[in-house]
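Worksheet: the structure to be examined is printed underneath.
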2 protein chains.
Amino acid sequence: MLGNSYEGQVCSAARSLEVVGERWSLLIIRDALFGGVTRFSDFLRRLGLARNILAARLDGFVEAGIMERFSLEGSAYQEYRLTEKGRDLGPVIIALTDWGDRWAAPNGRPIIYRHVDCGGEVEQQLVCSHCRIVIEQDQVGIELGPGMTGAA
Amino acid sequence: MLGNSYEGQVCSAARSLEVVGERWSLLIIRDALFGGVTRFSDFLRRLGLARNILAARLDGFVEAGIMERFSLEGSAYQEYRLTEKGRDLGPVIIALTDWGDRWAAPNGRPIIYRHVDCGGEVEQQLVCSHCRIVIEQDQVGIELGPGMTGAA
């Protein structure tokens, strides 16, 4: 975890990056969420990162409440499963994938997200909760919210 | 830039993290995109990061085509402006903000994204391009795409 590395930043994006902004973090969560990976050895093989870094990231996720650690009865294996807080990072991973698909995938998209019921492709959209219409990013403004008051 | 740090990963999320996954990167882009910041000194003051790190990030963004550098005539100032490729990172920042709002904002949301036309709050949704309905994350599956073939 980056801890309070972005302490001067009163911003939920900064708070999120404190928890999942370290190298490999979001790729570990991607494999857990969309690849069904749970075991240390499987993360290690799929990601090809250093063992000590993987251990540090998984420990950090457990500490941050993003994953829970389970011991399998009668086995030396430990399993790591995403909590609701961890699964809720899906939109971040899908947004990163969308951007990479558009700007950094010269050979085409490596992975396509599909609606399991019908096979249709999944799109991420910005919607106005009042008008109920899809809006473009240049129609998005920002306003200071309650969390900004009382902040250091 | 992380360069080819995630080389073994054929994944658009990994490709994106190579470009914007380093510390401070997404917060610099957040300030440029939603705070209208363009000058080196303004990024420095708002973010409170080290001068050499900011310089390295901005140079990397120019190199990656995420920002363009402009010299103001008759001034020592240089301006950095997001390209379309850079502005297209908005959904990533909004997704990170949403997660932080839900899971790491004990004092309430610091910033609220609003539709400029009507003031309604902006929501990020997953939509099926076939059914045209909003879907939940557990209804999302993955399929290997063309970019996976021919990959190292």
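Ordering of the structure tokens sets the chain letters (A, B, ...), residue numbers begin anew at 1 in every chain, and ligands are numbered from 1 in the order given.
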For Leu44 (chain B): contacts at 12 Å, only C-alpha atoms, fewer than 5 positions along chain excluded, given as a PyMOL selection string: chain B and resi 24+27-28+31+37-39+49-55+57-58
Chain B near chain A within 6 Å: what's each residue's closest atom pair and its distance in Å to one decimal, counting only C-alpha atoms, ordered by chain then ascending residue number, as JSON lines?
```
{"residue": "B:Cys11", "atom": "CA", "partner": "A:Pro110", "partner_atom": "CA", "distance": 5.8}
{"residue": "B:Ser12", "atom": "CA", "partner": "A:Gly100", "partner_atom": "CA", "distance": 4.3}
{"residue": "B:Ala13", "atom": "CA", "partner": "A:Thr97", "partner_atom": "CA", "distance": 4.2}
{"residue": "B:Arg15", "atom": "CA", "partner": "A:Gly100", "partner_atom": "CA", "distance": 5.8}
{"residue": "B:Ser16", "atom": "CA", "partner": "A:Gly100", "partner_atom": "CA", "distance": 5.0}
{"residue": "B:Pro91", "atom": "CA", "partner": "A:Ala95", "partner_atom": "CA", "distance": 5.9}
{"residue": "B:Val92", "atom": "CA", "partner": "A:Ala95", "partner_atom": "CA", "distance": 5.0}
{"residue": "B:Ala95", "atom": "CA", "partner": "A:Val92", "partner_atom": "CA", "distance": 5.0}
{"residue": "B:Leu96", "atom": "CA", "partner": "A:Ala13", "partner_atom": "CA", "distance": 4.8}
{"residue": "B:Thr97", "atom": "CA", "partner": "A:Ala13", "partner_atom": "CA", "distance": 4.2}
{"residue": "B:Gly100", "atom": "CA", "partner": "A:Ser12", "partner_atom": "CA", "distance": 4.3}
{"residue": "B:Asp101", "atom": "CA", "partner": "A:Ser12", "partner_atom": "CA", "distance": 5.5}
{"residue": "B:Asn107", "atom": "CA", "partner": "A:Gly147", "partner_atom": "CA", "distance": 4.7}
{"residue": "B:Gly108", "atom": "CA", "partner": "A:Gly147", "partner_atom": "CA", "distance": 4.2}
{"residue": "B:Arg109", "atom": "CA", "partner": "A:Gly147", "partner_atom": "CA", "distance": 4.6}
{"residue": "B:Pro110", "atom": "CA", "partner": "A:Gly147", "partner_atom": "CA", "distance": 4.0}
{"residue": "B:Ile111", "atom": "CA", "partner": "A:Leu144", "partner_atom": "CA", "distance": 4.6}
{"residue": "B:Ile112", "atom": "CA", "partner": "A:Glu143", "partner_atom": "CA", "distance": 5.1}
{"residue": "B:Tyr113", "atom": "CA", "partner": "A:Ile142", "partner_atom": "CA", "distance": 4.6}
{"residue": "B:Arg114", "atom": "CA", "partner": "A:Gly141", "partner_atom": "CA", "distance": 5.1}
{"residue": "B:His115", "atom": "CA", "partner": "A:Val140", "partner_atom": "CA", "distance": 4.9}
{"residue": "B:Val116", "atom": "CA", "partner": "A:Gln139", "partner_atom": "CA", "distance": 5.4}
{"residue": "B:Gly120", "atom": "CA", "partner": "A:His130", "partner_atom": "CA", "distance": 4.8}
{"residue": "B:Glu121", "atom": "CA", "partner": "A:Ser129", "partner_atom": "CA", "distance": 5.4}
{"residue": "B:Val122", "atom": "CA", "partner": "A:Cys128", "partner_atom": "CA", "distance": 4.8}
{"residue": "B:Glu123", "atom": "CA", "partner": "A:Val127", "partner_atom": "CA", "distance": 5.1}
{"residue": "B:Gln124", "atom": "CA", "partner": "A:Leu126", "partner_atom": "CA", "distance": 4.6}
{"residue": "B:Gln125", "atom": "CA", "partner": "A:Gln125", "partner_atom": "CA", "distance": 5.3}
{"residue": "B:Leu126", "atom": "CA", "partner": "A:Gln124", "partner_atom": "CA", "distance": 4.6}
{"residue": "B:Val127", "atom": "CA", "partner": "A:Glu123", "partner_atom": "CA", "distance": 5.1}
{"residue": "B:Cys128", "atom": "CA", "partner": "A:Val122", "partner_atom": "CA", "distance": 4.8}
{"residue": "B:Ser129", "atom": "CA", "partner": "A:Glu121", "partner_atom": "CA", "distance": 5.4}
{"residue": "B:His130", "atom": "CA", "partner": "A:Gly120", "partner_atom": "CA", "distance": 4.8}
{"residue": "B:Gln139", "atom": "CA", "partner": "A:Val116", "partner_atom": "CA", "distance": 5.5}
{"residue": "B:Val140", "atom": "CA", "partner": "A:His115", "partner_atom": "CA", "distance": 4.9}
{"residue": "B:Gly141", "atom": "CA", "partner": "A:Arg114", "partner_atom": "CA", "distance": 5.1}
{"residue": "B:Ile142", "atom": "CA", "partner": "A:Tyr113", "partner_atom": "CA", "distance": 4.6}
{"residue": "B:Glu143", "atom": "CA", "partner": "A:Ile112", "partner_atom": "CA", "distance": 5.1}
{"residue": "B:Leu144", "atom": "CA", "partner": "A:Ile111", "partner_atom": "CA", "distance": 4.6}
{"residue": "B:Gly145", "atom": "CA", "partner": "A:Pro110", "partner_atom": "CA", "distance": 4.6}
{"residue": "B:Pro146", "atom": "CA", "partner": "A:Gly108", "partner_atom": "CA", "distance": 5.4}
{"residue": "B:Gly147", "atom": "CA", "partner": "A:Pro110", "partner_atom": "CA", "distance": 4.0}
{"residue": "B:Met148", "atom": "CA", "partner": "A:Pro110", "partner_atom": "CA", "distance": 4.4}
```
Can you give me chain A superposed onto chain B, least-squares on all Cα in order, written as a PDB file with C-alpha atoms, in the first residue's frame?
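To be explicit, this is the file written out as result-v6.pdb:
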```pdb
ATOM      1  CA  MET A   1       6.820   5.517 -18.357  1.00  0.00           C
ATOM      2  CA  LEU A   2       7.070   1.957 -17.192  1.00  0.00           C
ATOM      3  CA  GLY A   3       8.045   1.003 -20.738  1.00  0.00           C
ATOM      4  CA  ASN A   4       7.778  -2.693 -21.312  1.00  0.00           C
ATOM      5  CA  SER A   5       7.459  -3.481 -17.644  1.00  0.00           C
ATOM      6  CA  TYR A   6       4.391  -5.624 -18.173  1.00  0.00           C
ATOM      7  CA  GLU A   7       5.754  -7.158 -21.349  1.00  0.00           C
ATOM      8  CA  GLY A   8       4.497 -10.678 -20.604  1.00  0.00           C
ATOM      9  CA  GLN A   9       0.974  -9.325 -20.274  1.00  0.00           C
ATOM     10  CA  VAL A  10      -1.148  -9.308 -23.413  1.00  0.00           C
ATOM     11  CA  CYS A  11      -3.798  -7.089 -21.928  1.00  0.00           C
ATOM     12  CA  SER A  12      -5.018  -3.594 -22.673  1.00  0.00           C
ATOM     13  CA  ALA A  13      -5.274  -2.788 -18.969  1.00  0.00           C
ATOM     14  CA  ALA A  14      -1.574  -3.657 -18.613  1.00  0.00           C
ATOM     15  CA  ARG A  15      -0.731  -1.554 -21.684  1.00  0.00           C
ATOM     16  CA  SER A  16      -2.596   1.364 -20.125  1.00  0.00           C
ATOM     17  CA  LEU A  17      -0.765   0.971 -16.832  1.00  0.00           C
ATOM     18  CA  GLU A  18       2.544   1.098 -18.710  1.00  0.00           C
ATOM     19  CA  VAL A  19       1.594   4.595 -19.845  1.00  0.00           C
ATOM     20  CA  VAL A  20      -0.231   5.994 -16.807  1.00  0.00           C
ATOM     21  CA  GLY A  21       0.488   3.532 -13.987  1.00  0.00           C
ATOM     22  CA  GLU A  22       3.381   5.342 -12.386  1.00  0.00           C
ATOM     23  CA  ARG A  23       2.948   7.295  -9.170  1.00  0.00           C
ATOM     24  CA  TRP A  24       1.227  10.675  -9.666  1.00  0.00           C
ATOM     25  CA  SER A  25       0.482  10.083 -13.340  1.00  0.00           C
ATOM     26  CA  LEU A  26      -3.292   9.857 -13.034  1.00  0.00           C
ATOM     27  CA  LEU A  27      -3.448  12.734 -10.535  1.00  0.00           C
ATOM     28  CA  ILE A  28      -1.552  14.975 -12.958  1.00  0.00           C
ATOM     29  CA  ILE A  29      -3.994  13.994 -15.707  1.00  0.00           C
ATOM     30  CA  ARG A  30      -6.932  14.543 -13.324  1.00  0.00           C
ATOM     31  CA  ASP A  31      -5.772  18.135 -12.660  1.00  0.00           C
ATOM     32  CA  ALA A  32      -5.253  18.779 -16.364  1.00  0.00           C
ATOM     33  CA  LEU A  33      -8.603  17.305 -17.327  1.00  0.00           C
ATOM     34  CA  PHE A  34     -10.962  18.442 -14.601  1.00  0.00           C
ATOM     35  CA  GLY A  35      -8.956  21.301 -13.028  1.00  0.00           C
ATOM     36  CA  GLY A  36      -7.882  23.029 -16.233  1.00  0.00           C
ATOM     37  CA  VAL A  37      -4.247  23.089 -15.110  1.00  0.00           C
ATOM     38  CA  THR A  38      -1.677  23.636 -17.865  1.00  0.00           C
ATOM     39  CA  ARG A  39       1.439  25.176 -16.295  1.00  0.00           C
ATOM     40  CA  PHE A  40       4.310  23.332 -14.659  1.00  0.00           C
ATOM     41  CA  SER A  41       4.238  25.636 -11.615  1.00  0.00           C
ATOM     42  CA  ASP A  42       0.495  25.125 -11.143  1.00  0.00           C
ATOM     43  CA  PHE A  43       0.791  21.320 -11.244  1.00  0.00           C
ATOM     44  CA  LEU A  44       3.662  21.600  -8.756  1.00  0.00           C
ATOM     45  CA  ARG A  45       1.715  23.754  -6.310  1.00  0.00           C
ATOM     46  CA  ARG A  46      -1.534  21.806  -6.484  1.00  0.00           C
ATOM     47  CA  LEU A  47       0.007  18.372  -6.231  1.00  0.00           C
ATOM     48  CA  GLY A  48       2.907  19.034  -3.893  1.00  0.00           C
ATOM     49  CA  LEU A  49       5.114  16.425  -5.535  1.00  0.00           C
ATOM     50  CA  ALA A  50       8.846  16.694  -6.235  1.00  0.00           C
ATOM     51  CA  ARG A  51       9.841  18.894  -9.155  1.00  0.00           C
ATOM     52  CA  ASN A  52      11.975  16.214 -10.831  1.00  0.00           C
ATOM     53  CA  ILE A  53       9.141  13.688 -10.674  1.00  0.00           C
ATOM     54  CA  LEU A  54       6.671  16.132 -12.194  1.00  0.00           C
ATOM     55  CA  ALA A  55       9.145  16.952 -14.969  1.00  0.00           C
ATOM     56  CA  ALA A  56       9.686  13.258 -15.682  1.00  0.00           C
ATOM     57  CA  ARG A  57       5.946  12.540 -15.808  1.00  0.00           C
ATOM     58  CA  LEU A  58       5.182  15.481 -18.124  1.00  0.00           C
ATOM     59  CA  ASP A  59       8.082  14.554 -20.431  1.00  0.00           C
ATOM     60  CA  GLY A  60       6.748  11.003 -20.501  1.00  0.00           C
ATOM     61  CA  PHE A  61       3.234  12.179 -21.330  1.00  0.00           C
ATOM     62  CA  VAL A  62       4.541  14.278 -24.233  1.00  0.00           C
ATOM     63  CA  GLU A  63       6.554  11.293 -25.472  1.00  0.00           C
ATOM     64  CA  ALA A  64       3.512   9.018 -25.191  1.00  0.00           C
ATOM     65  CA  GLY A  65       1.271  11.472 -27.042  1.00  0.00           C
ATOM     66  CA  ILE A  66      -0.953  12.119 -24.028  1.00  0.00           C
ATOM     67  CA  MET A  67       0.058  15.773 -23.760  1.00  0.00           C
ATOM     68  CA  GLU A  68       1.472  18.434 -26.037  1.00  0.00           C
ATOM     69  CA  ARG A  69       3.942  21.061 -24.885  1.00  0.00           C
ATOM     70  CA  PHE A  70       3.446  24.685 -25.940  1.00  0.00           C
ATOM     71  CA  SER A  71       5.698  27.673 -25.398  1.00  0.00           C
ATOM     72  CA  LEU A  72       3.852  30.895 -24.706  1.00  0.00           C
ATOM     73  CA  GLU A  73       5.142  33.698 -26.887  1.00  0.00           C
ATOM     74  CA  GLY A  74       7.078  36.324 -24.935  1.00  0.00           C
ATOM     75  CA  SER A  75       7.067  34.243 -21.777  1.00  0.00           C
ATOM     76  CA  ALA A  76       9.261  31.691 -20.058  1.00  0.00           C
ATOM     77  CA  TYR A  77       6.198  29.575 -19.313  1.00  0.00           C
ATOM     78  CA  GLN A  78       5.535  26.303 -21.002  1.00  0.00           C
ATOM     79  CA  GLU A  79       2.070  24.894 -21.154  1.00  0.00           C
ATOM     80  CA  TYR A  80       1.027  21.273 -21.205  1.00  0.00           C
ATOM     81  CA  ARG A  81      -2.293  20.403 -22.801  1.00  0.00           C
ATOM     82  CA  LEU A  82      -3.948  17.019 -23.021  1.00  0.00           C
ATOM     83  CA  THR A  83      -4.403  15.516 -26.452  1.00  0.00           C
ATOM     84  CA  GLU A  84      -7.475  13.483 -27.376  1.00  0.00           C
ATOM     85  CA  LYS A  85      -5.563  10.408 -26.218  1.00  0.00           C
ATOM     86  CA  GLY A  86      -5.018  12.072 -22.846  1.00  0.00           C
ATOM     87  CA  ARG A  87      -8.567  13.372 -22.470  1.00  0.00           C
ATOM     88  CA  ASP A  88      -9.790   9.884 -23.197  1.00  0.00           C
ATOM     89  CA  LEU A  89      -8.453   8.832 -19.773  1.00  0.00           C
ATOM     90  CA  GLY A  90     -11.434  10.571 -18.140  1.00  0.00           C
ATOM     91  CA  PRO A  91     -13.406   7.337 -17.613  1.00  0.00           C
ATOM     92  CA  VAL A  92     -10.432   5.799 -15.783  1.00  0.00           C
ATOM     93  CA  ILE A  93     -10.282   8.755 -13.408  1.00  0.00           C
ATOM     94  CA  ILE A  94     -14.055   8.765 -12.905  1.00  0.00           C
ATOM     95  CA  ALA A  95     -14.008   5.006 -12.160  1.00  0.00           C
ATOM     96  CA  LEU A  96     -11.238   5.480  -9.584  1.00  0.00           C
ATOM     97  CA  THR A  97     -13.180   8.358  -8.042  1.00  0.00           C
ATOM     98  CA  ASP A  98     -16.369   6.299  -7.831  1.00  0.00           C
ATOM     99  CA  TRP A  99     -14.557   3.501  -6.039  1.00  0.00           C
ATOM    100  CA  GLY A 100     -12.866   5.894  -3.618  1.00  0.00           C
ATOM    101  CA  ASP A 101     -16.198   7.602  -2.945  1.00  0.00           C
ATOM    102  CA  ARG A 102     -17.758   4.295  -1.966  1.00  0.00           C
ATOM    103  CA  TRP A 103     -14.865   2.776  -0.039  1.00  0.00           C
ATOM    104  CA  ALA A 104     -12.465   5.470   1.090  1.00  0.00           C
ATOM    105  CA  ALA A 105     -14.387   8.674   1.751  1.00  0.00           C
ATOM    106  CA  PRO A 106     -15.403   8.605   5.454  1.00  0.00           C
ATOM    107  CA  ASN A 107     -16.212  12.335   5.369  1.00  0.00           C
ATOM    108  CA  GLY A 108     -18.297  12.131   2.214  1.00  0.00           C
ATOM    109  CA  ARG A 109     -17.360  12.692  -1.392  1.00  0.00           C
ATOM    110  CA  PRO A 110     -14.770  15.434  -1.921  1.00  0.00           C
ATOM    111  CA  ILE A 111     -15.756  16.013  -5.533  1.00  0.00           C
ATOM    112  CA  ILE A 112     -19.010  15.398  -7.366  1.00  0.00           C
ATOM    113  CA  TYR A 113     -19.169  15.025 -11.148  1.00  0.00           C
ATOM    114  CA  ARG A 114     -22.165  16.788 -12.640  1.00  0.00           C
ATOM    115  CA  HIS A 115     -23.773  17.030 -16.062  1.00  0.00           C
ATOM    116  CA  VAL A 116     -23.119  20.656 -16.997  1.00  0.00           C
ATOM    117  CA  ASP A 117     -26.436  21.054 -18.843  1.00  0.00           C
ATOM    118  CA  CYS A 118     -28.767  20.096 -15.986  1.00  0.00           C
ATOM    119  CA  GLY A 119     -26.618  19.678 -12.862  1.00  0.00           C
ATOM    120  CA  GLY A 120     -27.543  16.011 -12.503  1.00  0.00           C
ATOM    121  CA  GLU A 121     -24.953  13.688 -11.050  1.00  0.00           C
ATOM    122  CA  VAL A 122     -22.898  11.653 -13.490  1.00  0.00           C
ATOM    123  CA  GLU A 123     -23.007   7.873 -13.167  1.00  0.00           C
ATOM    124  CA  GLN A 124     -20.755   5.379 -14.858  1.00  0.00           C
ATOM    125  CA  GLN A 125     -22.597   2.319 -16.102  1.00  0.00           C
ATOM    126  CA  LEU A 126     -21.917  -0.900 -17.947  1.00  0.00           C
ATOM    127  CA  VAL A 127     -24.274  -1.277 -20.875  1.00  0.00           C
ATOM    128  CA  CYS A 128     -24.781  -4.235 -23.214  1.00  0.00           C
ATOM    129  CA  SER A 129     -24.328  -3.015 -26.786  1.00  0.00           C
ATOM    130  CA  HIS A 130     -26.784  -5.671 -27.989  1.00  0.00           C
ATOM    131  CA  CYS A 131     -29.602  -5.626 -25.388  1.00  0.00           C
ATOM    132  CA  ARG A 132     -29.053  -1.897 -24.643  1.00  0.00           C
ATOM    133  CA  ILE A 133     -29.645  -2.550 -20.955  1.00  0.00           C
ATOM    134  CA  VAL A 134     -27.548  -1.619 -17.943  1.00  0.00           C
ATOM    135  CA  ILE A 135     -25.794  -4.727 -16.661  1.00  0.00           C
ATOM    136  CA  GLU A 136     -24.132  -5.657 -13.406  1.00  0.00           C
ATOM    137  CA  GLN A 137     -20.535  -6.725 -13.233  1.00  0.00           C
ATOM    138  CA  ASP A 138     -21.379 -10.359 -12.479  1.00  0.00           C
ATOM    139  CA  GLN A 139     -23.039 -10.425 -15.919  1.00  0.00           C
ATOM    140  CA  VAL A 140     -19.718  -9.646 -17.616  1.00  0.00           C
ATOM    141  CA  GLY A 141     -17.669 -12.459 -19.157  1.00  0.00           C
ATOM    142  CA  ILE A 142     -14.413 -12.297 -21.082  1.00  0.00           C
ATOM    143  CA  GLU A 143     -13.469 -13.670 -24.475  1.00  0.00           C
ATOM    144  CA  LEU A 144     -10.081 -13.706 -26.207  1.00  0.00           C
ATOM    145  CA  GLY A 145      -9.944 -11.129 -29.003  1.00  0.00           C
ATOM    146  CA  PRO A 146      -7.850 -10.718 -32.170  1.00  0.00           C
ATOM    147  CA  GLY A 147      -5.010  -9.026 -30.259  1.00  0.00           C
ATOM    148  CA  MET A 148      -4.338 -12.253 -28.414  1.00  0.00           C
ATOM    149  CA  THR A 149      -3.408 -14.089 -31.600  1.00  0.00           C
ATOM    150  CA  GLY A 150       0.083 -13.481 -32.841  1.00  0.00           C
ATOM    151  CA  ALA A 151       1.140 -12.222 -29.436  1.00  0.00           C
ATOM    152  CA  ALA A 152       4.528 -13.178 -28.037  1.00  0.00           C
TER     153      ALA A 152
END
```
DSSP-assigned strand (DSSP E) among chain A, expressed as a ChimeraX atom specification: /A:67-71,78-82,111-115,122-128,134-135,140-144
Export of the given selection (C-alpha atoms) as a short mmCIF file (atom, residue, chain, number, x, y, z; two decimals), in the first residue's frame:
```cif
data_model
loop_
_atom_site.label_atom_id
_atom_site.label_comp_id
_atom_site.auth_asym_id
_atom_site.auth_seq_id
_atom_site.Cartn_x
_atom_site.Cartn_y
_atom_site.Cartn_z
CA MET A 67 -9.25 -9.71 -0.38
CA GLU A 68 -9.78 -12.40 2.22
CA ARG A 69 -7.31 -15.20 2.85
CA PHE A 70 -8.58 -18.76 3.27
CA SER A 71 -6.68 -21.89 4.23
CA GLN A 78 -3.92 -20.61 0.77
CA GLU A 79 -6.59 -18.99 -1.30
CA TYR A 80 -7.21 -15.32 -1.85
CA ARG A 81 -10.72 -14.21 -2.72
CA LEU A 82 -11.93 -10.73 -3.53
CA ILE A 111 -9.76 -9.41 -24.51
CA ILE A 112 -13.39 -8.56 -25.16
CA TYR A 113 -15.90 -8.09 -22.35
CA ARG A 114 -19.26 -9.64 -23.15
CA HIS A 115 -22.69 -9.71 -21.55
CA VAL A 122 -20.06 -4.46 -22.85
CA GLU A 123 -19.71 -0.68 -23.09
CA GLN A 124 -18.91 1.71 -20.30
CA GLN A 125 -20.94 4.90 -20.45
CA LEU A 126 -21.40 8.11 -18.53
CA VAL A 127 -25.06 8.69 -17.78
CA CYS A 128 -26.76 11.72 -16.24
CA VAL A 134 -25.68 9.16 -22.11
CA ILE A 135 -23.33 12.13 -21.91
CA VAL A 140 -18.98 16.70 -17.19
CA GLY A 141 -18.22 19.42 -14.64
CA ILE A 142 -16.96 19.11 -11.08
CA GLU A 143 -18.32 20.49 -7.84
CA LEU A 144 -16.83 20.36 -4.34
#
```
Expected answer as number ranges by chain: helix (DSSP H, G or I) residues in region 20-53 of chain B: B: 20, 25-34, 40-47, 51-53
